[in-house]
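Participant: Next comes input-v8.tsv, TSV, C-alpha atoms (C1' of nucleotides):
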```
chain	number	residue	atom	x	y	z
L	1	MET	CA	157.07	32.87	46.31
L	2	SER	CA	156.44	35.22	49.24
L	3	ASP	CA	159.54	35.60	51.37
L	4	ARG	CA	157.51	36.02	54.53
L	5	SER	CA	155.03	33.16	54.54
L	6	ARG	CA	157.50	30.27	54.26
L	7	LYS	CA	160.90	30.71	55.78
L	8	GLY	CA	161.54	27.16	56.84
L	9	PRO	CA	162.60	25.97	60.30
L	10	LEU	CA	164.37	28.22	62.78
L	11	ASP	CA	168.07	28.07	63.46
L	12	THR	CA	168.29	26.75	67.04
L	13	SER	CA	171.99	25.92	66.92
L	14	GLY	CA	172.80	28.86	69.21
L	15	ILE	CA	170.48	27.98	72.07
L	16	ASP	CA	171.07	24.25	71.64
L	17	ARG	CA	174.67	24.66	72.83
L	18	ILE	CA	173.58	26.29	76.10
L	19	ILE	CA	173.83	23.59	78.76
L	20	GLY	CA	171.37	25.29	81.13
L	21	TYR	CA	168.81	25.69	78.37
L	22	ARG	CA	169.09	22.06	77.37
L	23	LEU	CA	168.78	20.98	81.01
L	24	ARG	CA	165.62	23.07	81.35
L	25	ARG	CA	164.03	21.53	78.27
L	26	ALA	CA	164.93	17.99	79.31
L	27	GLN	CA	163.74	18.51	82.88
L	28	ALA	CA	160.44	20.02	81.70
L	29	TYR	CA	159.86	17.07	79.39
L	30	VAL	CA	160.70	14.40	81.97
L	31	PHE	CA	158.63	16.12	84.69
L	32	GLN	CA	155.65	16.33	82.37
L	33	GLU	CA	155.93	12.62	81.59
L	34	PHE	CA	156.42	11.87	85.28
L	35	LYS	CA	153.23	13.72	86.11
L	36	THR	CA	151.12	11.80	83.61
L	37	HIS	CA	152.45	8.55	85.09
L	38	PHE	CA	151.89	9.59	88.72
L	39	ASP	CA	148.61	11.49	88.33
L	40	PRO	CA	146.50	8.37	89.06
L	41	LEU	CA	148.34	8.00	92.39
L	42	GLY	CA	147.84	11.65	93.29
L	43	LEU	CA	151.59	12.11	93.72
L	44	THR	CA	153.64	15.07	92.57
L	45	PRO	CA	157.37	14.67	91.89
L	46	ALA	CA	158.09	16.37	95.23
L	47	ASP	CA	155.64	14.04	97.01
L	48	TYR	CA	157.33	10.98	95.59
L	49	SER	CA	160.90	11.98	96.34
L	50	THR	CA	159.84	12.88	99.90
L	51	LEU	CA	158.13	9.51	100.33
L	52	VAL	CA	161.22	7.68	99.13
L	53	LEU	CA	163.62	9.71	101.26
L	54	ILE	CA	161.59	9.30	104.46
L	55	GLY	CA	161.00	5.62	103.70
L	56	ASP	CA	164.74	5.07	103.39
L	57	ASN	CA	165.51	7.27	106.41
L	58	PRO	CA	162.84	6.80	109.08
L	59	GLY	CA	163.06	8.92	112.19
L	60	ARG	CA	164.82	11.91	110.70
L	61	ARG	CA	164.06	15.59	111.31
L	62	PRO	CA	162.32	17.81	108.72
L	63	SER	CA	165.30	20.14	108.35
L	64	GLU	CA	167.64	17.22	107.59
L	65	LEU	CA	165.29	15.92	104.92
L	66	ALA	CA	164.63	19.33	103.38
L	67	GLU	CA	168.35	19.96	103.06
L	68	ALA	CA	168.91	16.56	101.45
L	69	LEU	CA	166.16	17.36	98.92
L	70	GLY	CA	167.64	20.77	98.16
L	71	ILE	CA	164.59	22.76	99.25
L	72	GLN	CA	164.04	25.38	101.96
L	73	ARG	CA	162.74	23.98	105.23
L	74	ALA	CA	159.94	26.57	105.04
L	75	ASN	CA	158.78	25.02	101.76
L	76	PHE	CA	159.02	21.54	103.21
L	77	VAL	CA	156.25	22.31	105.72
L	78	PRO	CA	153.23	22.19	103.36
L	79	LEU	CA	154.72	19.16	101.64
L	80	VAL	CA	154.82	17.21	104.90
L	81	ALA	CA	151.37	18.54	105.87
L	82	GLY	CA	149.90	17.16	102.66
L	83	LEU	CA	151.38	13.71	103.17
L	84	GLU	CA	150.32	13.72	106.81
L	85	ALA	CA	146.75	14.74	105.89
L	86	ARG	CA	146.57	11.64	103.68
L	87	GLU	CA	147.93	9.62	106.62
L	88	TRP	CA	150.98	8.49	104.69
L	89	LEU	CA	153.42	9.76	107.29
L	90	GLU	CA	153.38	10.67	110.95
L	91	ARG	CA	155.37	12.99	113.17
L	92	ARG	CA	156.62	11.72	116.50
L	93	LYS	CA	157.67	14.29	119.09
L	94	SER	CA	161.32	14.05	119.92
L	95	THR	CA	162.02	12.99	123.49
L	96	SER	CA	165.38	14.72	123.55
L	97	ASP	CA	164.48	18.01	121.84
L	98	GLY	CA	161.11	19.59	122.44
L	99	ARG	CA	161.38	21.79	119.36
L	100	SER	CA	161.71	18.92	116.94
L	101	PHE	CA	160.17	15.62	115.92
L	102	SER	CA	160.93	12.65	113.73
L	103	LEU	CA	159.18	11.60	110.51
L	104	HIS	CA	158.06	8.07	109.70
L	105	LEU	CA	155.96	6.50	106.95
L	106	THR	CA	152.75	4.90	108.19
L	107	GLU	CA	151.76	1.39	107.09
L	108	LEU	CA	149.53	3.01	104.47
L	109	GLY	CA	152.39	5.26	103.43
L	110	GLN	CA	154.65	2.28	102.90
L	111	GLN	CA	152.01	0.63	100.73
L	112	VAL	CA	151.64	3.79	98.67
L	113	ARG	CA	155.40	3.98	98.32
L	114	GLN	CA	155.55	0.41	97.06
L	115	ARG	CA	152.94	1.11	94.41
L	116	ALA	CA	154.71	4.35	93.49
L	117	ASP	CA	158.01	2.50	93.17
L	118	GLN	CA	156.38	0.18	90.65
L	119	VAL	CA	155.12	3.14	88.64
L	120	GLN	CA	158.57	4.71	88.88
L	121	ALA	CA	160.19	1.49	87.65
L	122	ARG	CA	157.92	1.49	84.58
L	123	PHE	CA	158.60	5.17	83.95
L	124	GLU	CA	162.32	4.62	84.42
L	125	GLN	CA	162.22	1.90	81.75
L	126	LYS	CA	160.60	4.38	79.37
L	127	CYS	CA	163.33	6.94	80.06
L	128	ILE	CA	166.05	4.33	79.69
L	129	ALA	CA	164.63	3.32	76.33
L	130	GLU	CA	164.70	6.95	75.18
L	131	LEU	CA	168.30	7.23	76.38
L	132	GLY	CA	169.27	4.21	74.29
L	133	GLY	CA	169.63	1.67	77.09
L	134	GLU	CA	170.97	1.39	80.61
L	135	VAL	CA	174.43	2.51	79.57
L	136	GLY	CA	172.96	5.83	78.47
L	137	ARG	CA	171.07	6.21	81.74
L	138	ASP	CA	174.14	5.45	83.82
L	139	GLU	CA	176.22	7.86	81.77
L	140	LEU	CA	173.59	10.61	82.17
L	141	LEU	CA	173.38	10.20	85.95
L	142	ASN	CA	177.16	10.13	86.11
L	143	LEU	CA	177.46	13.39	84.16
L	144	LEU	CA	174.71	15.13	86.15
L	145	GLY	CA	176.46	14.08	89.35
L	146	ARG	CA	179.57	15.95	88.34
L	147	PHE	CA	177.81	19.25	88.91
L	148	ARG	CA	178.13	20.54	92.45
L	149	GLY	CA	180.45	17.61	93.22
D	1	MET	CA	176.43	8.47	123.02
D	2	SER	CA	172.91	9.74	122.35
D	3	ASP	CA	171.29	7.86	119.47
D	4	ARG	CA	169.42	10.88	118.26
D	5	SER	CA	172.01	13.62	118.02
D	6	ARG	CA	174.37	11.89	115.54
D	7	LYS	CA	172.86	9.51	113.03
D	8	GLY	CA	175.28	10.12	110.22
D	9	PRO	CA	174.45	11.10	106.65
D	10	LEU	CA	171.13	10.26	105.05
D	11	ASP	CA	170.66	7.43	102.58
D	12	THR	CA	169.93	9.20	99.29
D	13	SER	CA	170.45	6.15	97.08
D	14	GLY	CA	166.69	5.92	96.41
D	15	ILE	CA	166.15	9.44	95.11
D	16	ASP	CA	169.53	9.52	93.39
D	17	ARG	CA	168.33	6.91	90.88
D	18	ILE	CA	165.32	9.06	89.84
D	19	ILE	CA	166.26	10.68	86.54
D	20	GLY	CA	163.73	13.51	86.89
D	21	TYR	CA	164.98	14.33	90.38
D	22	ARG	CA	168.59	14.39	89.24
D	23	LEU	CA	167.67	16.61	86.29
D	24	ARG	CA	165.91	19.03	88.64
D	25	ARG	CA	168.92	19.25	90.95
D	26	ALA	CA	171.37	19.75	88.08
D	27	GLN	CA	169.16	22.33	86.38
D	28	ALA	CA	168.67	24.27	89.62
D	29	TYR	CA	172.44	24.33	90.18
D	30	VAL	CA	173.35	25.40	86.64
D	31	PHE	CA	170.63	28.08	86.56
D	32	GLN	CA	171.83	29.48	89.85
D	33	GLU	CA	175.38	29.68	88.53
D	34	PHE	CA	174.10	31.14	85.28
D	35	LYS	CA	172.30	33.87	87.17
D	36	THR	CA	175.35	34.91	89.16
D	37	HIS	CA	177.31	35.18	85.89
D	38	PHE	CA	174.58	37.13	84.07
D	39	ASP	CA	173.38	39.34	86.91
D	40	PRO	CA	175.81	42.16	86.03
D	41	LEU	CA	174.31	42.23	82.52
D	42	GLY	CA	170.74	42.29	83.83
D	43	LEU	CA	169.90	39.20	81.81
D	44	THR	CA	167.81	36.26	82.99
D	45	PRO	CA	168.26	32.84	81.36
D	46	ALA	CA	165.03	33.42	79.41
D	47	ASP	CA	166.27	36.86	78.28
D	48	TYR	CA	169.52	35.41	76.99
D	49	SER	CA	168.02	32.49	75.09
D	50	THR	CA	165.51	34.89	73.51
D	51	LEU	CA	168.28	37.28	72.52
D	52	VAL	CA	170.26	34.45	70.91
D	53	LEU	CA	167.28	32.98	69.11
D	54	ILE	CA	166.13	36.30	67.67
D	55	GLY	CA	169.71	37.25	66.78
D	56	ASP	CA	170.09	34.01	64.82
D	57	ASN	CA	166.61	34.32	63.31
D	58	PRO	CA	165.82	37.96	62.54
D	59	GLY	CA	162.40	38.79	61.19
D	60	ARG	CA	160.48	35.95	62.76
D	61	ARG	CA	157.07	36.11	64.45
D	62	PRO	CA	156.61	35.89	68.25
D	63	SER	CA	154.60	32.67	68.05
D	64	GLU	CA	157.33	30.94	66.03
D	65	LEU	CA	159.98	31.97	68.54
D	66	ALA	CA	157.88	31.07	71.58
D	67	GLU	CA	157.25	27.60	70.19
D	68	ALA	CA	160.96	27.08	69.46
D	69	LEU	CA	161.74	28.06	73.05
D	70	GLY	CA	159.13	25.70	74.43
D	71	ILE	CA	157.08	28.41	76.16
D	72	GLN	CA	153.48	29.62	75.73
D	73	ARG	CA	153.08	32.57	73.40
D	74	ALA	CA	151.14	34.31	76.20
D	75	ASN	CA	154.22	34.08	78.42
D	76	PHE	CA	156.45	35.31	75.61
D	77	VAL	CA	154.68	38.69	75.61
D	78	PRO	CA	156.19	40.16	78.82
D	79	LEU	CA	159.58	38.73	77.86
D	80	VAL	CA	159.58	40.61	74.55
D	81	ALA	CA	158.17	43.71	76.25
D	82	GLY	CA	161.09	43.74	78.67
D	83	LEU	CA	163.69	43.48	75.91
D	84	GLU	CA	161.89	46.11	73.87
D	85	ALA	CA	161.73	48.49	76.82
D	86	ARG	CA	165.52	48.27	77.05
D	87	GLU	CA	165.65	48.94	73.30
D	88	TRP	CA	167.41	45.65	72.60
D	89	LEU	CA	164.83	44.52	70.06
D	90	GLU	CA	162.20	46.09	67.88
D	91	ARG	CA	158.93	44.95	66.34
D	92	ARG	CA	158.23	45.73	62.70
D	93	LYS	CA	154.65	45.49	61.55
D	94	SER	CA	154.20	42.80	58.97
D	95	THR	CA	153.25	44.06	55.53
D	96	SER	CA	151.56	40.81	54.57
D	97	ASP	CA	149.66	40.10	57.82
D	98	GLY	CA	148.18	42.95	59.83
D	99	ARG	CA	147.84	40.81	62.93
D	100	SER	CA	151.51	40.04	63.21
D	101	PHE	CA	154.96	41.58	63.18
D	102	SER	CA	158.56	40.53	62.95
D	103	LEU	CA	161.23	40.73	65.65
D	104	HIS	CA	164.75	42.07	65.15
D	105	LEU	CA	167.64	42.91	67.45
D	106	THR	CA	168.58	46.58	67.47
D	107	GLU	CA	172.21	47.65	67.11
D	108	LEU	CA	172.32	47.98	70.88
D	109	GLY	CA	170.71	44.56	71.23
D	110	GLN	CA	173.40	43.02	69.04
D	111	GLN	CA	176.11	44.61	71.18
D	112	VAL	CA	174.48	43.27	74.35
D	113	ARG	CA	174.23	39.86	72.75
D	114	GLN	CA	177.92	39.90	71.89
D	115	ARG	CA	178.86	40.75	75.45
D	116	ALA	CA	176.44	38.10	76.73
D	117	ASP	CA	177.97	35.51	74.39
D	118	GLN	CA	181.35	36.21	75.94
D	119	VAL	CA	179.94	35.73	79.44
D	120	GLN	CA	178.25	32.55	78.24
D	121	ALA	CA	181.51	31.26	76.77
D	122	ARG	CA	183.23	31.76	80.13
D	123	PHE	CA	180.38	30.11	81.97
D	124	GLU	CA	180.37	27.26	79.46
D	125	GLN	CA	184.06	26.67	80.16
D	126	LYS	CA	183.28	26.41	83.85
D	127	CYS	CA	180.55	23.84	83.16
D	128	ILE	CA	182.80	21.90	80.80
D	129	ALA	CA	185.46	21.77	83.48
D	130	GLU	CA	182.94	20.39	85.97
D	131	LEU	CA	181.86	17.81	83.41
D	132	GLY	CA	185.43	16.65	82.99
D	133	GLY	CA	186.14	18.19	79.60
D	134	GLU	CA	184.50	18.75	76.24
D	135	VAL	CA	183.85	15.06	75.75
D	136	GLY	CA	181.65	15.10	78.86
D	137	ARG	CA	179.80	18.18	77.65
D	138	ASP	CA	179.16	16.69	74.22
D	139	GLU	CA	178.01	13.43	75.76
D	140	LEU	CA	175.64	15.27	78.11
D	141	LEU	CA	174.07	17.32	75.31
D	142	ASN	CA	173.79	14.18	73.22
D	143	LEU	CA	171.99	12.31	75.99
D	144	LEU	CA	169.65	15.21	76.79
D	145	GLY	CA	168.78	15.45	73.12
D	146	ARG	CA	167.49	11.89	73.11
D	147	PHE	CA	164.50	12.96	75.18
D	148	ARG	CA	161.57	14.09	73.08
D	149	GLY	CA	163.59	13.27	69.95
Q	1	DT	C1'	135.83	30.14	61.29
Q	2	DA	C1'	140.67	30.29	62.41
Q	3	DT	C1'	144.81	32.67	63.82
Q	4	DT	C1'	147.89	36.49	66.08
Q	5	DG	C1'	149.07	38.97	69.78
Q	6	DT	C1'	147.36	40.12	74.04
Q	7	DT	C1'	145.17	40.34	78.75
Q	8	DA	C1'	143.81	38.39	82.90
Q	9	DT	C1'	144.23	34.92	86.03
Q	10	DA	C1'	145.56	31.06	88.76
Q	11	DC	C1'	148.63	27.64	90.29
Q	12	DT	C1'	153.13	25.93	91.39
Q	13	DC	C1'	157.81	26.58	92.91
Q	14	DT	C1'	161.00	29.16	95.23
Q	15	DA	C1'	163.19	32.66	98.43
Q	16	DT	C1'	163.19	35.66	102.64
Q	17	DA	C1'	162.03	37.55	106.91
Q	18	DA	C1'	160.07	37.08	111.17
Q	19	DC	C1'	157.58	34.69	114.81
Q	20	DT	C1'	157.24	30.79	118.85
Q	21	DA	C1'	159.02	27.57	121.61
Q	22	DT	C1'	162.48	25.42	122.93
Q	23	DA	C1'	167.65	24.80	123.69
K	1	DT	C1'	172.03	33.70	121.92
K	2	DA	C1'	171.00	30.15	118.72
K	3	DT	C1'	168.11	26.59	116.55
K	4	DA	C1'	163.60	23.94	114.82
K	5	DG	C1'	159.45	24.35	112.94
K	6	DT	C1'	156.29	27.47	111.26
K	7	DT	C1'	153.82	31.48	109.06
K	8	DA	C1'	153.30	34.99	105.81
K	9	DT	C1'	154.51	36.83	101.69
K	10	DA	C1'	156.54	38.02	97.37
K	11	DG	C1'	158.61	36.78	93.12
K	12	DA	C1'	159.38	33.78	89.31
K	13	DG	C1'	157.67	30.36	85.92
K	14	DT	C1'	153.94	28.20	83.78
K	15	DA	C1'	149.15	27.02	82.06
K	16	DT	C1'	144.37	28.27	80.39
K	17	DA	C1'	140.60	30.90	78.75
K	18	DA	C1'	138.97	34.65	76.39
K	19	DC	C1'	139.16	38.97	73.80
K	20	DA	C1'	140.08	42.30	69.52
K	21	DA	C1'	141.94	42.66	65.13
K	22	DT	C1'	142.81	40.38	61.09
K	23	DA	C1'	142.88	36.51	57.92
```
Go ahead and render the structure in this file as structure tokens.
Facilitator:
Amino acid sequence: MSDRSRKGPLDTSGIDRIIGYRLRRAQAYVFQEFKTHFDPLGLTPADYSTLVLIGDNPGRRPSELAEALGIQRANFVPLVAGLEAREWLERRKSTSDGRSFSLHLTELGQQVRQRADQVQARFEQKCIAELGGEVGRDELLNLLGRFRG
Amino acid sequence: MSDRSRKGPLDTSGIDRIIGYRLRRAQAYVFQEFKTHFDPLGLTPADYSTLVLIGDNPGRRPSELAEALGIQRANFVPLVAGLEAREWLERRKSTSDGRSFSLHLTELGQQVRQRADQVQARFEQKCIAELGGEVGRDELLNLLGRFRG
DNA sequence: TATTGTTATACTCTATAACTATA
DNA sequence: TATAGTTATAGAGTATAACAATA
């Protein structure tokens, strides 16, 4: 029996206790699954969260939305440009502040959001099943919410 | 009262129910905190997990370790090169397979790992406190482990 | 033929500084 | 002078294809 060819599985107990590492692995897995679900719609995770946030908060400014999403306002620019190019949202010049404008979903954008919400609901059910039911999902969101709180 | 200057906080209830989004936010926060803790040691999150995994599994091949870490073996190359350049690990040519070699922590690498483990233990305590105690930590790791399981 | 480590490359995400036009 | 949106850019992280040496 050669000692080098078959050593059995690796000991991952050390890295498996690192919260940040486990968060990275879980996030990578869920994002990958998310992408396969949303690929037919042509929506990235960032696209979808932006669509939802603007849909729920019409008329807001880019910098407000970027901050709520936890991204730099500079990185929000190409995101908005992409959604605008597909005519899913529109910018309306602010009457009170010439530097700024407000963001709104178009009719088409609202339809896309509705379809995306249905895909999200299906994907959410898959995640909930993996988490062992809605109690597990609620507990996970609760625990994640304790960071930064 | 101008209707545009003060609209109050945004409605984030939509995005806050998206598991992938919440995982991204939590992971970004924990990684950022991790980095501030590990900056004095010159260790990135990937460096530290690699150090731990090799320390717990001396003599393994790069492709085994890369797979266990969930990264491409191509992307593992510069990671190992960086640790080797600092003389924290060494490669020993395999006697049974001329293509491969085994990875081991050097004495210096083991010392660095010990110091890093202490930093990690402190950081872990901070995370546990934010999670409301060890029960919260255990529950979080348990839930994260249900993905991909 | 298949596999190991490697190189090259490209694409995404993220972070920073600086510009412009307004305020 | 300060702020909003924007541009440019650089650095990570990640994914793929292909190559040389070895099996």
Participant: For K:DA15, please output as a list in words all residues within 12 Å (counting all atoms listed in the file; exclusion window: fewer than 4 positions along the same chain).
Facilitator: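 What passes the distance filter is Ile71, Gln72, Arg73, Ala74 and Asn75 of chain D; DT9, DA10, DC11 and DT12 of chain Q.
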Participant: If the cut-off is 8 Å, can you tell me the residues of chain L near chain D, counting only C-alpha atoms? I'd like them as a ChimeraX atom specification.
Facilitator: /L:4,10-12,14-15,17-27,29-31,34,45,49,52-53,56-57,68,70,96,124,127,130-132,136,140-141,143-148
Participant: Give as a ChimeraX atom specification every residue of chain L that touches chain K within 8 Å, counting only C-alpha atoms (C1' of nucleotides).
Facilitator: /L:63,74,77,99-100
Participant: So, with all atoms listed in the file as the atoms that count, which of D:Gly109, D:Pro62, D:Gly98, D:Pro40 lies closest to D:Leu83?
Facilitator: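 Once distances to D:Leu83 are computed over all atoms listed in the file, the minimum belongs to D:Gly109.
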Participant: Could you jot down the atom CA of D:Gln111 to atom CA of D:Phe76 separation for me, Å, one decimal place?
Facilitator: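 About the pair atom CA of D:Gln111 and atom CA of D:Phe76: they are 22.2 Å apart.
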Participant: Report as CSV the residues of chain Q within 9 Å of chain L, each with its shortest atom pair and distance in Å (one decimal), using all atoms listed in the file, ordered by chain and increasing residue number.
Facilitator:
```
residue,atom,partner,partner_atom,distance
Q:DT14,C1',L:Asn75,CA,8.0
Q:DA15,C1',L:Gln72,CA,8.1
Q:DA21,C1',L:Arg99,CA,6.6
Q:DT22,C1',L:Arg99,CA,5.2
Q:DA23,C1',L:Asp97,CA,7.7
```
Participant: Could the residues in this selection be saved with C-alpha atoms (C1' of nucleotides) as a short mmCIF file (atom, residue, chain, number, x, y, z; two decimals), in the frame of the given file?
Facilitator:
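Listed below is the output, out.cif:
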```
data_model
loop_
_atom_site.label_atom_id
_atom_site.label_comp_id
_atom_site.auth_asym_id
_atom_site.auth_seq_id
_atom_site.Cartn_x
_atom_site.Cartn_y
_atom_site.Cartn_z
"C1'" DT Q 14 161.00 29.16 95.23
"C1'" DA Q 15 163.19 32.66 98.43
"C1'" DA Q 21 159.02 27.57 121.61
"C1'" DT Q 22 162.48 25.42 122.93
"C1'" DA Q 23 167.65 24.80 123.69
#
```
Participant: Report the distance between atom CA of D:His37 and atom CA of D:Leu108 in Å, rounded to one decimal place.
Facilitator: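 Taking atom CA of D:His37 as the start and atom CA of D:Leu108 as the end point, the length is 20.3 Å.
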Participant: To one decimal place in Å, what is the distance between atom CA of D:Lys126 and atom CA of D:Gln114?
Facilitator: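 A separation of 18.8 Å between them.
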Participant: Report the centre and edge lengths, in Å to one decimal, of an axis-aligned box enclosing every atom of stretch 8-21 of chain Q listed in the file, padded by 8 Å on each side, as AutoDock Vina command-line options.
Facilitator:
```
--center_x 153.5 --center_y 32.2 --center_z 102.3 --size_x 35.4 --size_y 28.5 --size_z 54.7
```
